[in-house]
$ cat work_30.cif   # mmCIF, N, CA and C atoms
data_data
loop_
_atom_site.label_atom_id
_atom_site.label_comp_id
_atom_site.auth_asym_id
_atom_site.auth_seq_id
_atom_site.Cartn_x
_atom_site.Cartn_y
_atom_site.Cartn_z
N MET B 1 98.25 68.02 146.17
CA MET B 1 97.71 67.86 144.83
C MET B 1 97.56 69.24 144.19
N HIS B 2 97.94 69.33 142.92
CA HIS B 2 97.73 70.57 142.19
C HIS B 2 97.35 70.23 140.76
N LYS B 3 96.94 71.26 140.01
CA LYS B 3 96.47 71.09 138.64
C LYS B 3 97.30 71.96 137.70
N SER B 4 97.39 71.53 136.42
CA SER B 4 98.03 72.35 135.42
C SER B 4 97.58 71.92 134.03
N ARG B 5 97.78 72.81 133.06
CA ARG B 5 97.52 72.52 131.64
C ARG B 5 98.16 73.61 130.80
N LEU B 6 98.19 73.38 129.48
CA LEU B 6 98.66 74.38 128.55
C LEU B 6 97.72 75.58 128.59
N ALA B 7 98.26 76.75 128.82
CA ALA B 7 97.45 77.97 128.86
C ALA B 7 97.55 78.74 127.57
N ALA B 8 98.77 78.84 127.02
CA ALA B 8 98.96 79.74 125.89
C ALA B 8 100.20 79.38 125.08
N MET B 9 100.15 79.76 123.83
CA MET B 9 101.32 79.80 122.97
C MET B 9 101.68 81.28 122.88
N VAL B 10 102.91 81.61 123.22
CA VAL B 10 103.35 83.00 123.23
C VAL B 10 104.34 83.21 122.09
N ILE B 11 104.01 84.15 121.21
CA ILE B 11 104.87 84.46 120.08
C ILE B 11 105.71 85.66 120.47
N ASP B 12 106.99 85.39 120.80
CA ASP B 12 107.93 86.45 121.18
C ASP B 12 108.47 87.08 119.91
N CYS B 13 108.31 88.39 119.78
CA CYS B 13 108.68 89.10 118.55
C CYS B 13 109.71 90.18 118.84
N ASP B 14 110.87 90.05 118.24
CA ASP B 14 111.91 91.06 118.35
C ASP B 14 111.68 92.07 117.23
N VAL B 15 110.75 93.01 117.47
CA VAL B 15 110.33 94.00 116.47
C VAL B 15 110.31 95.38 117.10
N GLU B 16 110.33 96.41 116.28
CA GLU B 16 110.21 97.79 116.75
C GLU B 16 108.77 98.11 117.12
N ASP B 17 107.82 97.65 116.28
CA ASP B 17 106.40 98.00 116.44
C ASP B 17 105.57 96.74 116.58
N ILE B 18 104.93 96.55 117.71
CA ILE B 18 104.13 95.34 117.97
C ILE B 18 102.97 95.20 116.99
N GLU B 19 102.50 96.33 116.42
CA GLU B 19 101.39 96.26 115.47
C GLU B 19 101.75 95.48 114.21
N THR B 20 103.01 95.54 113.80
CA THR B 20 103.46 94.75 112.66
C THR B 20 103.26 93.26 112.95
N ALA B 21 103.67 92.84 114.12
CA ALA B 21 103.51 91.44 114.53
C ALA B 21 102.03 91.08 114.66
N ASN B 22 101.23 91.98 115.24
CA ASN B 22 99.79 91.73 115.40
C ASN B 22 99.12 91.46 114.05
N ARG B 23 99.41 92.33 113.09
CA ARG B 23 98.80 92.18 111.76
C ARG B 23 99.18 90.85 111.12
N PHE B 24 100.47 90.53 111.15
CA PHE B 24 100.91 89.29 110.51
C PHE B 24 100.29 88.07 111.18
N TRP B 25 100.47 87.94 112.49
CA TRP B 25 100.01 86.73 113.17
C TRP B 25 98.49 86.63 113.19
N GLY B 26 97.80 87.75 113.30
CA GLY B 26 96.34 87.72 113.23
C GLY B 26 95.86 87.19 111.90
N GLN B 27 96.45 87.70 110.82
CA GLN B 27 96.06 87.23 109.48
C GLN B 27 96.53 85.81 109.22
N ALA B 28 97.72 85.47 109.68
CA ALA B 28 98.26 84.13 109.45
C ALA B 28 97.43 83.06 110.15
N LEU B 29 96.95 83.36 111.36
CA LEU B 29 96.22 82.37 112.14
C LEU B 29 94.70 82.54 112.06
N GLY B 30 94.24 83.61 111.42
CA GLY B 30 92.82 83.82 111.23
C GLY B 30 92.05 84.32 112.45
N PHE B 31 92.73 85.04 113.33
CA PHE B 31 92.08 85.61 114.52
C PHE B 31 92.38 87.11 114.59
N ASP B 32 91.43 87.89 115.06
CA ASP B 32 91.64 89.33 115.21
C ASP B 32 92.52 89.61 116.43
N PRO B 33 93.50 90.52 116.29
CA PRO B 33 94.28 90.93 117.45
C PRO B 33 93.39 91.69 118.44
N LYS B 34 93.65 91.49 119.70
CA LYS B 34 92.89 92.14 120.77
C LYS B 34 93.91 92.80 121.70
N PRO B 35 93.93 94.14 121.76
CA PRO B 35 94.94 94.81 122.59
C PRO B 35 94.77 94.49 124.07
N SER B 36 95.89 94.51 124.77
CA SER B 36 95.88 94.34 126.21
C SER B 36 95.53 95.66 126.87
N ASP B 37 95.45 95.67 128.20
CA ASP B 37 95.15 96.92 128.89
C ASP B 37 96.22 97.95 128.60
N GLU B 38 95.94 99.18 128.87
CA GLU B 38 96.81 100.31 128.48
C GLU B 38 98.25 100.18 128.95
N SER B 39 98.49 99.64 130.13
CA SER B 39 99.86 99.59 130.64
C SER B 39 100.75 98.63 129.85
N TRP B 40 100.16 97.68 129.11
CA TRP B 40 100.93 96.71 128.35
C TRP B 40 100.74 96.84 126.84
N ALA B 41 99.88 97.73 126.39
CA ALA B 41 99.44 97.77 124.99
C ALA B 41 100.58 97.97 123.99
N ASP B 42 101.66 98.60 124.38
CA ASP B 42 102.76 98.84 123.42
C ASP B 42 103.67 97.64 123.24
N ARG B 43 103.50 96.59 124.07
CA ARG B 43 104.38 95.43 123.91
C ARG B 43 103.72 94.08 124.12
N TYR B 44 102.40 94.06 124.32
CA TYR B 44 101.77 92.78 124.65
C TYR B 44 100.31 92.80 124.20
N THR B 45 99.93 91.88 123.33
CA THR B 45 98.55 91.74 122.89
C THR B 45 98.23 90.26 122.78
N HIS B 46 97.00 89.95 122.43
CA HIS B 46 96.67 88.55 122.16
C HIS B 46 95.66 88.48 121.03
N LEU B 47 95.53 87.28 120.49
CA LEU B 47 94.56 87.06 119.42
C LEU B 47 93.26 86.61 120.05
N ASN B 48 92.16 86.97 119.43
CA ASN B 48 90.83 86.68 119.96
C ASN B 48 90.43 85.25 119.57
N VAL B 49 90.94 84.26 120.33
CA VAL B 49 90.64 82.86 120.06
C VAL B 49 89.44 82.43 120.91
N PRO B 50 88.74 81.36 120.52
CA PRO B 50 87.62 80.86 121.33
C PRO B 50 88.09 80.50 122.74
N ASP B 51 87.19 80.64 123.71
CA ASP B 51 87.53 80.40 125.11
C ASP B 51 88.00 78.97 125.39
N ASP B 52 87.58 78.01 124.58
CA ASP B 52 87.96 76.62 124.84
C ASP B 52 89.31 76.24 124.22
N GLN B 53 90.03 77.21 123.67
CA GLN B 53 91.34 76.97 123.09
C GLN B 53 92.41 77.72 123.87
N PRO B 54 93.66 77.22 123.84
CA PRO B 54 94.73 77.97 124.50
C PRO B 54 94.86 79.37 123.89
N HIS B 55 95.22 80.32 124.72
CA HIS B 55 95.43 81.70 124.26
C HIS B 55 96.61 81.74 123.29
N VAL B 56 96.59 82.70 122.38
CA VAL B 56 97.72 83.00 121.53
C VAL B 56 98.11 84.43 121.85
N LEU B 57 99.28 84.59 122.49
CA LEU B 57 99.75 85.90 122.92
C LEU B 57 100.86 86.37 121.99
N ILE B 58 100.92 87.67 121.76
CA ILE B 58 101.98 88.28 120.95
C ILE B 58 102.69 89.27 121.86
N GLN B 59 104.00 89.09 121.98
CA GLN B 59 104.76 89.85 122.96
C GLN B 59 106.01 90.45 122.31
N LYS B 60 106.20 91.74 122.50
CA LYS B 60 107.42 92.42 122.03
C LYS B 60 108.53 92.13 123.03
N VAL B 61 109.68 91.64 122.53
CA VAL B 61 110.78 91.23 123.40
C VAL B 61 112.10 91.82 122.94
N ASN B 62 113.10 91.71 123.79
CA ASN B 62 114.45 92.18 123.48
C ASN B 62 115.42 91.01 123.34
N HIS B 63 114.93 89.87 122.89
CA HIS B 63 115.78 88.72 122.61
C HIS B 63 115.32 88.16 121.27
N PRO B 64 116.04 87.21 120.70
CA PRO B 64 115.63 86.68 119.39
C PRO B 64 114.19 86.18 119.40
N SER B 65 113.51 86.37 118.29
CA SER B 65 112.13 85.91 118.17
C SER B 65 112.06 84.40 118.32
N ARG B 66 111.01 83.93 119.00
CA ARG B 66 110.78 82.50 119.20
C ARG B 66 109.35 82.32 119.68
N VAL B 67 108.93 81.12 119.81
CA VAL B 67 107.61 80.80 120.37
C VAL B 67 107.86 80.06 121.68
N HIS B 68 107.12 80.42 122.71
CA HIS B 68 107.21 79.65 123.95
C HIS B 68 105.81 79.34 124.47
N LEU B 69 105.73 78.35 125.33
CA LEU B 69 104.45 77.92 125.91
C LEU B 69 104.31 78.47 127.32
N ASP B 70 103.08 78.74 127.72
CA ASP B 70 102.75 79.04 129.11
C ASP B 70 101.97 77.86 129.66
N ILE B 71 102.38 77.34 130.81
CA ILE B 71 101.65 76.30 131.51
C ILE B 71 100.96 76.97 132.69
N GLU B 72 99.61 76.87 132.74
CA GLU B 72 98.88 77.48 133.85
C GLU B 72 98.67 76.45 134.95
N THR B 73 98.68 76.95 136.18
CA THR B 73 98.57 76.06 137.33
C THR B 73 97.93 76.78 138.51
N ASP B 74 97.35 75.99 139.40
CA ASP B 74 96.80 76.57 140.62
C ASP B 74 97.83 76.59 141.75
N ASN B 75 99.06 76.10 141.47
CA ASN B 75 100.12 76.12 142.47
C ASN B 75 101.47 76.20 141.73
N ILE B 76 101.94 77.41 141.53
CA ILE B 76 103.16 77.62 140.75
C ILE B 76 104.34 76.85 141.34
N GLU B 77 104.53 76.93 142.64
CA GLU B 77 105.69 76.29 143.25
C GLU B 77 105.66 74.77 143.08
N ALA B 78 104.48 74.16 143.26
CA ALA B 78 104.37 72.71 143.07
C ALA B 78 104.63 72.32 141.62
N GLU B 79 104.12 73.11 140.68
CA GLU B 79 104.32 72.79 139.27
C GLU B 79 105.79 72.98 138.89
N VAL B 80 106.44 74.02 139.38
CA VAL B 80 107.87 74.22 139.12
C VAL B 80 108.66 73.02 139.66
N ASN B 81 108.34 72.58 140.86
CA ASN B 81 109.03 71.42 141.44
C ASN B 81 108.81 70.17 140.60
N ARG B 82 107.59 69.95 140.13
CA ARG B 82 107.28 68.78 139.29
C ARG B 82 108.10 68.83 138.01
N LEU B 83 108.15 70.01 137.39
CA LEU B 83 108.88 70.15 136.13
C LEU B 83 110.39 70.04 136.34
N GLN B 84 110.89 70.51 137.48
CA GLN B 84 112.31 70.32 137.79
C GLN B 84 112.63 68.83 137.94
N SER B 85 111.72 68.08 138.51
CA SER B 85 111.95 66.64 138.67
C SER B 85 112.02 65.92 137.32
N LEU B 86 111.44 66.57 136.28
CA LEU B 86 111.49 66.02 134.92
C LEU B 86 112.72 66.50 134.15
N GLY B 87 113.51 67.39 134.77
CA GLY B 87 114.74 67.86 134.14
C GLY B 87 114.76 69.32 133.74
N ALA B 88 113.66 70.05 133.93
CA ALA B 88 113.64 71.48 133.61
C ALA B 88 114.43 72.26 134.66
N THR B 89 114.90 73.43 134.27
CA THR B 89 115.62 74.31 135.19
C THR B 89 114.94 75.67 135.24
N ILE B 90 115.12 76.36 136.35
CA ILE B 90 114.59 77.71 136.50
C ILE B 90 115.55 78.69 135.86
N VAL B 91 115.02 79.57 135.00
CA VAL B 91 115.82 80.61 134.37
C VAL B 91 115.69 81.91 135.16
N GLU B 92 114.44 82.25 135.51
CA GLU B 92 114.19 83.50 136.24
C GLU B 92 112.83 83.44 136.91
N ARG B 93 112.76 83.98 138.11
CA ARG B 93 111.49 84.07 138.85
C ARG B 93 110.97 85.51 138.79
N PHE B 94 109.67 85.64 138.60
CA PHE B 94 108.99 86.93 138.66
C PHE B 94 107.89 86.81 139.70
N PRO B 95 107.30 87.92 140.14
CA PRO B 95 106.26 87.84 141.17
C PRO B 95 105.06 86.97 140.77
N ARG B 96 104.70 86.93 139.45
CA ARG B 96 103.50 86.20 139.05
C ARG B 96 103.77 85.02 138.14
N TRP B 97 105.03 84.73 137.79
CA TRP B 97 105.34 83.59 136.93
C TRP B 97 106.80 83.21 137.08
N VAL B 98 107.14 82.02 136.54
CA VAL B 98 108.51 81.53 136.56
C VAL B 98 108.88 81.13 135.14
N VAL B 99 110.03 81.61 134.67
CA VAL B 99 110.56 81.21 133.37
C VAL B 99 111.42 79.98 133.60
N MET B 100 111.16 78.93 132.80
CA MET B 100 111.91 77.69 132.93
C MET B 100 112.49 77.29 131.56
N GLU B 101 113.41 76.35 131.61
CA GLU B 101 113.97 75.81 130.37
C GLU B 101 113.91 74.29 130.44
N ALA B 102 113.36 73.70 129.39
CA ALA B 102 113.27 72.25 129.29
C ALA B 102 114.65 71.66 129.00
N PRO B 103 114.85 70.38 129.25
CA PRO B 103 116.13 69.76 128.91
C PRO B 103 116.46 69.87 127.42
N THR B 104 115.47 70.14 126.60
CA THR B 104 115.66 70.28 125.16
C THR B 104 116.12 71.68 124.77
N GLY B 105 116.19 72.61 125.76
CA GLY B 105 116.61 73.98 125.48
C GLY B 105 115.46 74.94 125.24
N HIS B 106 114.23 74.46 125.20
CA HIS B 106 113.07 75.32 124.98
C HIS B 106 112.68 76.02 126.28
N ARG B 107 112.42 77.31 126.17
CA ARG B 107 111.95 78.07 127.33
C ARG B 107 110.43 78.04 127.38
N PHE B 108 109.90 78.10 128.59
CA PHE B 108 108.47 78.16 128.81
C PHE B 108 108.23 78.83 130.15
N CYS B 109 106.97 79.24 130.38
CA CYS B 109 106.63 79.91 131.64
C CYS B 109 105.58 79.11 132.40
N VAL B 110 105.68 79.16 133.71
CA VAL B 110 104.66 78.60 134.59
C VAL B 110 103.93 79.79 135.19
N VAL B 111 102.61 79.84 134.96
CA VAL B 111 101.80 81.02 135.30
C VAL B 111 100.57 80.62 136.11
N ASN B 112 99.95 81.58 136.75
CA ASN B 112 98.66 81.36 137.40
C ASN B 112 97.60 81.06 136.34
N PRO B 113 96.43 80.53 136.73
CA PRO B 113 95.39 80.24 135.75
C PRO B 113 95.07 81.44 134.87
N GLN B 114 95.00 81.21 133.56
CA GLN B 114 94.76 82.25 132.57
C GLN B 114 93.41 82.10 131.88
N ARG B 115 92.98 80.88 131.66
CA ARG B 115 91.75 80.63 130.93
C ARG B 115 90.59 80.51 131.92
N PRO B 116 89.42 81.07 131.60
CA PRO B 116 88.34 81.16 132.57
C PRO B 116 87.79 79.83 133.06
N ASP B 117 87.97 78.74 132.32
CA ASP B 117 87.39 77.47 132.73
C ASP B 117 88.38 76.58 133.48
N PHE B 118 89.50 77.12 133.92
CA PHE B 118 90.54 76.30 134.54
C PHE B 118 90.00 75.41 135.65
N GLY B 119 89.23 75.95 136.56
CA GLY B 119 88.74 75.19 137.71
C GLY B 119 87.78 74.07 137.38
N GLU B 120 87.02 74.19 136.28
CA GLU B 120 86.00 73.20 135.95
C GLU B 120 86.38 72.28 134.81
N SER B 121 87.42 72.56 134.09
CA SER B 121 87.74 71.83 132.87
C SER B 121 88.20 70.41 133.14
N PRO B 122 87.63 69.43 132.43
CA PRO B 122 88.11 68.05 132.56
C PRO B 122 89.47 67.85 131.88
N GLU B 123 89.92 68.85 131.11
CA GLU B 123 91.20 68.77 130.40
C GLU B 123 92.39 69.13 131.30
N VAL B 124 92.13 69.59 132.51
CA VAL B 124 93.21 69.97 133.42
C VAL B 124 93.82 68.71 134.03
N ASN B 125 95.14 68.64 134.03
CA ASN B 125 95.84 67.51 134.64
C ASN B 125 95.89 67.70 136.16
N VAL B 126 95.65 66.64 136.91
CA VAL B 126 95.72 66.67 138.36
C VAL B 126 96.95 65.86 138.76
N TRP B 127 97.83 66.51 139.51
CA TRP B 127 99.09 65.88 139.91
C TRP B 127 99.13 65.67 141.41
N GLY B 128 99.55 64.49 141.84
CA GLY B 128 99.74 64.22 143.27
C GLY B 128 101.05 64.82 143.74
N ASP B 129 101.02 65.62 144.78
CA ASP B 129 102.25 66.26 145.26
C ASP B 129 102.90 65.42 146.33
#
$ encode --input "work_30.cif" --output "structure tokens"
Amino acid sequence: MHKSRLAAMVIDCDVEDIETANRFWGQALGFDPKPSDESWADRYTHLNVPDDQPHVLIQKVNHPSRVHLDIETDNIEAEVNRLQSLGATIVERFPRWVVMEAPTGHRFCVVNPQRPDFGESPEVNVWGD
């Protein structure tokens, strides 16, 4: 048995300066941008949304701009297997997440728990493995 839920909406931005994207999306969605730690600050930030809502991340990328979802889980391998059984495919594996593609062509990531209430939230889906 494992758990999963929507963790974040990630706005992938093919831009020179991440601050341009921060300003636009922060103002467009009504949330203040919050820089990430120093090692990621030049290409990765998030908006300061309430804790009970999915995160909104802004990420500088080297591919066309798009929006993708992050699904958080307490068992990445089990969740990847579940999603593969639904027709998703693995695009790339990283040490802390897996990039997948839905049968519809949309990319998304399977990640470790991101939101602080993951373990206690009644909104988390429980899947039988």
$ residues_around --input "work_30.cif" --residues "stretch 53-66 of chain B" --least-positions-apart "5" --cutoff "5 Å" --atoms "all atoms listed in the file" --output "list in words"
Ala7, Ala8, Met9, Val10, Ile11, Asp12, Cys13, Asp14, Arg43, Tyr44, Thr45, His46 and Leu47 of chain B
$ residues_around --input "work_30.cif" --residues "stretch 86-89 of chain B" --least-positions-apart "3" --cutoff "8 Å" --atoms "only N, CA and C atoms" --output "mmCIF file with N, CA and C atoms, in the frame of the given file"
data_model
loop_
_atom_site.group_PDB
_atom_site.id
_atom_site.type_symbol
_atom_site.label_atom_id
_atom_site.label_comp_id
_atom_site.auth_asym_id
_atom_site.auth_seq_id
_atom_site.Cartn_x
_atom_site.Cartn_y
_atom_site.Cartn_z
ATOM 1 N N VAL B 80 106.440 74.020 139.380
ATOM 2 C CA VAL B 80 107.870 74.220 139.120
ATOM 3 C C VAL B 80 108.660 73.020 139.660
ATOM 4 N N ASN B 81 108.340 72.580 140.860
ATOM 5 C CA ASN B 81 109.030 71.420 141.440
ATOM 6 C C ASN B 81 108.810 70.170 140.600
ATOM 7 N N ARG B 82 107.590 69.950 140.130
ATOM 8 C CA ARG B 82 107.280 68.780 139.290
ATOM 9 C C ARG B 82 108.100 68.830 138.010
ATOM 10 N N LEU B 83 108.150 70.010 137.390
ATOM 11 C CA LEU B 83 108.880 70.150 136.130
ATOM 12 C C LEU B 83 110.390 70.040 136.340
ATOM 13 N N GLU B 92 114.440 82.250 135.510
ATOM 14 C CA GLU B 92 114.190 83.500 136.240
ATOM 15 C C GLU B 92 112.830 83.440 136.910
ATOM 16 N N VAL B 99 110.030 81.610 134.670
ATOM 17 C CA VAL B 99 110.560 81.210 133.370
ATOM 18 C C VAL B 99 111.420 79.980 133.600
ATOM 19 N N MET B 100 111.160 78.930 132.800
ATOM 20 C CA MET B 100 111.910 77.690 132.930
ATOM 21 C C MET B 100 112.490 77.290 131.560
ATOM 22 N N GLU B 101 113.410 76.350 131.610
ATOM 23 C CA GLU B 101 113.970 75.810 130.370
ATOM 24 C C GLU B 101 113.910 74.290 130.440
ATOM 25 N N ALA B 102 113.360 73.700 129.390
ATOM 26 C CA ALA B 102 113.270 72.250 129.290
ATOM 27 C C ALA B 102 114.650 71.660 129.000
ATOM 28 N N PRO B 103 114.850 70.380 129.250
ATOM 29 C CA PRO B 103 116.130 69.760 128.910
ATOM 30 C C PRO B 103 116.460 69.870 127.420
ATOM 31 N N THR B 104 115.470 70.140 126.600
ATOM 32 C CA THR B 104 115.660 70.280 125.160
ATOM 33 C C THR B 104 116.120 71.680 124.770
#
$ residues_around --input "work_30.cif" --residues "B:Leu6" --least-positions-apart "6" --cutoff "7 Å" --atoms "only C-alpha atoms" --output "PyMOL selection string"
chain B and resi 54+70-72
$ resolve_selection --input "work_30.cif" --expression "the PyMOL selection byres (((chain B and resi 26-35 and name CA) around 7) and name CA)" --output "tab-separated table (two decimals) with N, CA and C atoms, in the frame of the given file"
chain	number	residue	atom	x	y	z
B	22	ASN	N	101.23	91.98	115.24
B	22	ASN	CA	99.79	91.73	115.40
B	22	ASN	C	99.12	91.46	114.05
B	23	ARG	N	99.41	92.33	113.09
B	23	ARG	CA	98.80	92.18	111.76
B	23	ARG	C	99.18	90.85	111.12
B	24	PHE	N	100.47	90.53	111.15
B	24	PHE	CA	100.91	89.29	110.51
B	24	PHE	C	100.29	88.07	111.18
B	25	TRP	N	100.47	87.94	112.49
B	25	TRP	CA	100.01	86.73	113.17
B	25	TRP	C	98.49	86.63	113.19
B	36	SER	N	95.89	94.51	124.77
B	36	SER	CA	95.88	94.34	126.21
B	36	SER	C	95.53	95.66	126.87
B	37	ASP	N	95.45	95.67	128.20
B	37	ASP	CA	95.15	96.92	128.89
B	37	ASP	C	96.22	97.95	128.60
B	41	ALA	N	99.88	97.73	126.39
B	41	ALA	CA	99.44	97.77	124.99
B	41	ALA	C	100.58	97.97	123.99
B	45	THR	N	99.93	91.88	123.33
B	45	THR	CA	98.55	91.74	122.89
B	45	THR	C	98.23	90.26	122.78
B	46	HIS	N	97.00	89.95	122.43
B	46	HIS	CA	96.67	88.55	122.16
B	46	HIS	C	95.66	88.48	121.03
B	47	LEU	N	95.53	87.28	120.49
B	47	LEU	CA	94.56	87.06	119.42
B	47	LEU	C	93.26	86.61	120.05
B	48	ASN	N	92.16	86.97	119.43
B	48	ASN	CA	90.83	86.68	119.96
B	48	ASN	C	90.43	85.25	119.57
B	49	VAL	N	90.94	84.26	120.33
B	49	VAL	CA	90.64	82.86	120.06
B	49	VAL	C	89.44	82.43	120.91
$ atom_distance --input "work_30.cif" --atom1 "atom CA of B:Val98" --atom2 "atom N of B:Asn112"
8.6 Å
$ atom_distance --input "work_30.cif" --atom1 "atom CA of B:Asp17" --atom2 "atom CA of B:His68"
19.8 Å
$ select_by_dssp --input "work_30.cif" --residues "chain B" --states "strand (DSSP E)" --output "ChimeraX atom specification"
/B:2-13,33-35,44-47,55-60,66-73,89-93,97-101,107-111,125-127
$ atom_distance --input "work_30.cif" --atom1 "atom CA of B:Asp129" --atom2 "atom CA of B:Pro113"
18.2 Å
$ resolve_selection --input "work_30.cif" --expression "the PyMOL selection byres ((chain B and resi 2) around 6.5)" --output "list in words"
Met1, Lys3, Ser4, Asp74, Asn75, Asn125, Val126, Trp127, Gly128 and Asp129 of chain B
$ closest_residue --input "work_30.cif" --among "B:Glu123, B:Arg115, B:Ser39, B:Arg96" --to "B:Ile76" --atoms "only N, CA and C atoms"
B:Arg96
$ closest_residue --input "work_30.cif" --among "B:Glu120, B:Phe94, B:Val67, B:Ala78" --to "B:Arg107" --atoms "all atoms listed in the file"
B:Val67
$ select_by_dssp --input "work_30.cif" --residues "stretch 13-126 of chain B" --states "alpha helix (DSSP H)" --output "JSON, numbers by chain"
{"B": [18, 19, 20, 21, 22, 23, 24, 25, 26, 27, 28, 29, 76, 77, 78, 79, 80, 81, 82, 83, 84, 85]}
$ decode --input "work_30.cif" --residues "stretch 51-72 of chain B" --atoms "N, CA and C atoms" --output "PDB file, in the first residue's frame"
ATOM      1  N   ASP B  51      -0.492  26.674   2.868  1.00  0.00           N
ATOM      2  CA  ASP B  51      -0.018  25.303   3.056  1.00  0.00           C
ATOM      3  C   ASP B  51      -1.024  24.242   2.619  1.00  0.00           C
ATOM      4  N   ASP B  52      -2.311  24.567   2.644  1.00  0.00           N
ATOM      5  CA  ASP B  52      -3.315  23.563   2.291  1.00  0.00           C
ATOM      6  C   ASP B  52      -3.600  23.494   0.786  1.00  0.00           C
ATOM      7  N   GLN B  53      -2.815  24.212  -0.018  1.00  0.00           N
ATOM      8  CA  GLN B  53      -2.968  24.197  -1.465  1.00  0.00           C
ATOM      9  C   GLN B  53      -1.725  23.599  -2.118  1.00  0.00           C
ATOM     10  N   PRO B  54      -1.878  23.021  -3.319  1.00  0.00           N
ATOM     11  CA  PRO B  54      -0.689  22.532  -4.021  1.00  0.00           C
ATOM     12  C   PRO B  54       0.300  23.678  -4.265  1.00  0.00           C
ATOM     13  N   HIS B  55       1.573  23.357  -4.222  1.00  0.00           N
ATOM     14  CA  HIS B  55       2.616  24.347  -4.494  1.00  0.00           C
ATOM     15  C   HIS B  55       2.513  24.820  -5.938  1.00  0.00           C
ATOM     16  N   VAL B  56       2.954  26.043  -6.188  1.00  0.00           N
ATOM     17  CA  VAL B  56       3.116  26.566  -7.537  1.00  0.00           C
ATOM     18  C   VAL B  56       4.597  26.883  -7.679  1.00  0.00           C
ATOM     19  N   LEU B  57       5.284  26.097  -8.514  1.00  0.00           N
ATOM     20  CA  LEU B  57       6.720  26.248  -8.705  1.00  0.00           C
ATOM     21  C   LEU B  57       6.987  26.920 -10.042  1.00  0.00           C
ATOM     22  N   ILE B  58       8.032  27.726 -10.091  1.00  0.00           N
ATOM     23  CA  ILE B  58       8.465  28.379 -11.328  1.00  0.00           C
ATOM     24  C   ILE B  58       9.891  27.911 -11.583  1.00  0.00           C
ATOM     25  N   GLN B  59      10.098  27.336 -12.766  1.00  0.00           N
ATOM     26  CA  GLN B  59      11.364  26.683 -13.058  1.00  0.00           C
ATOM     27  C   GLN B  59      11.902  27.147 -14.413  1.00  0.00           C
ATOM     28  N   LYS B  60      13.150  27.568 -14.433  1.00  0.00           N
ATOM     29  CA  LYS B  60      13.821  27.934 -15.684  1.00  0.00           C
ATOM     30  C   LYS B  60      14.265  26.643 -16.368  1.00  0.00           C
ATOM     31  N   VAL B  61      13.894  26.488 -17.651  1.00  0.00           N
ATOM     32  CA  VAL B  61      14.180  25.251 -18.378  1.00  0.00           C
ATOM     33  C   VAL B  61      14.807  25.537 -19.735  1.00  0.00           C
ATOM     34  N   ASN B  62      15.315  24.488 -20.353  1.00  0.00           N
ATOM     35  CA  ASN B  62      15.904  24.584 -21.691  1.00  0.00           C
ATOM     36  C   ASN B  62      15.055  23.846 -22.723  1.00  0.00           C
ATOM     37  N   HIS B  63      13.761  23.801 -22.515  1.00  0.00           N
ATOM     38  CA  HIS B  63      12.832  23.222 -23.481  1.00  0.00           C
ATOM     39  C   HIS B  63      11.658  24.184 -23.592  1.00  0.00           C
ATOM     40  N   PRO B  64      10.758  23.982 -24.536  1.00  0.00           N
ATOM     41  CA  PRO B  64       9.638  24.922 -24.672  1.00  0.00           C
ATOM     42  C   PRO B  64       8.860  25.089 -23.362  1.00  0.00           C
ATOM     43  N   SER B  65       8.386  26.292 -23.131  1.00  0.00           N
ATOM     44  CA  SER B  65       7.603  26.574 -21.925  1.00  0.00           C
ATOM     45  C   SER B  65       6.336  25.730 -21.912  1.00  0.00           C
ATOM     46  N   ARG B  66       5.982  25.248 -20.724  1.00  0.00           N
ATOM     47  CA  ARG B  66       4.768  24.452 -20.533  1.00  0.00           C
ATOM     48  C   ARG B  66       4.480  24.384 -19.042  1.00  0.00           C
ATOM     49  N   VAL B  67       3.385  23.813 -18.689  1.00  0.00           N
ATOM     50  CA  VAL B  67       3.046  23.579 -17.287  1.00  0.00           C
ATOM     51  C   VAL B  67       3.023  22.067 -17.085  1.00  0.00           C
ATOM     52  N   HIS B  68       3.601  21.604 -15.989  1.00  0.00           N
ATOM     53  CA  HIS B  68       3.493  20.181 -15.674  1.00  0.00           C
ATOM     54  C   HIS B  68       3.116  20.009 -14.209  1.00  0.00           C
ATOM     55  N   LEU B  69       2.602  18.846 -13.883  1.00  0.00           N
ATOM     56  CA  LEU B  69       2.182  18.532 -12.516  1.00  0.00           C
ATOM     57  C   LEU B  69       3.237  17.678 -11.832  1.00  0.00           C
ATOM     58  N   ASP B  70       3.350  17.834 -10.518  1.00  0.00           N
ATOM     59  CA  ASP B  70       4.131  16.929  -9.684  1.00  0.00           C
ATOM     60  C   ASP B  70       3.156  16.131  -8.835  1.00  0.00           C
ATOM     61  N   ILE B  71       3.304  14.812  -8.831  1.00  0.00           N
ATOM     62  CA  ILE B  71       2.522  13.939  -7.968  1.00  0.00           C
ATOM     63  C   ILE B  71       3.447  13.498  -6.849  1.00  0.00           C
ATOM     64  N   GLU B  72       3.067  13.797  -5.588  1.00  0.00           N
ATOM     65  CA  GLU B  72       3.907  13.393  -4.457  1.00  0.00           C
ATOM     66  C   GLU B  72       3.434  12.045  -3.934  1.00  0.00           C
TER      67      GLU B  72
END
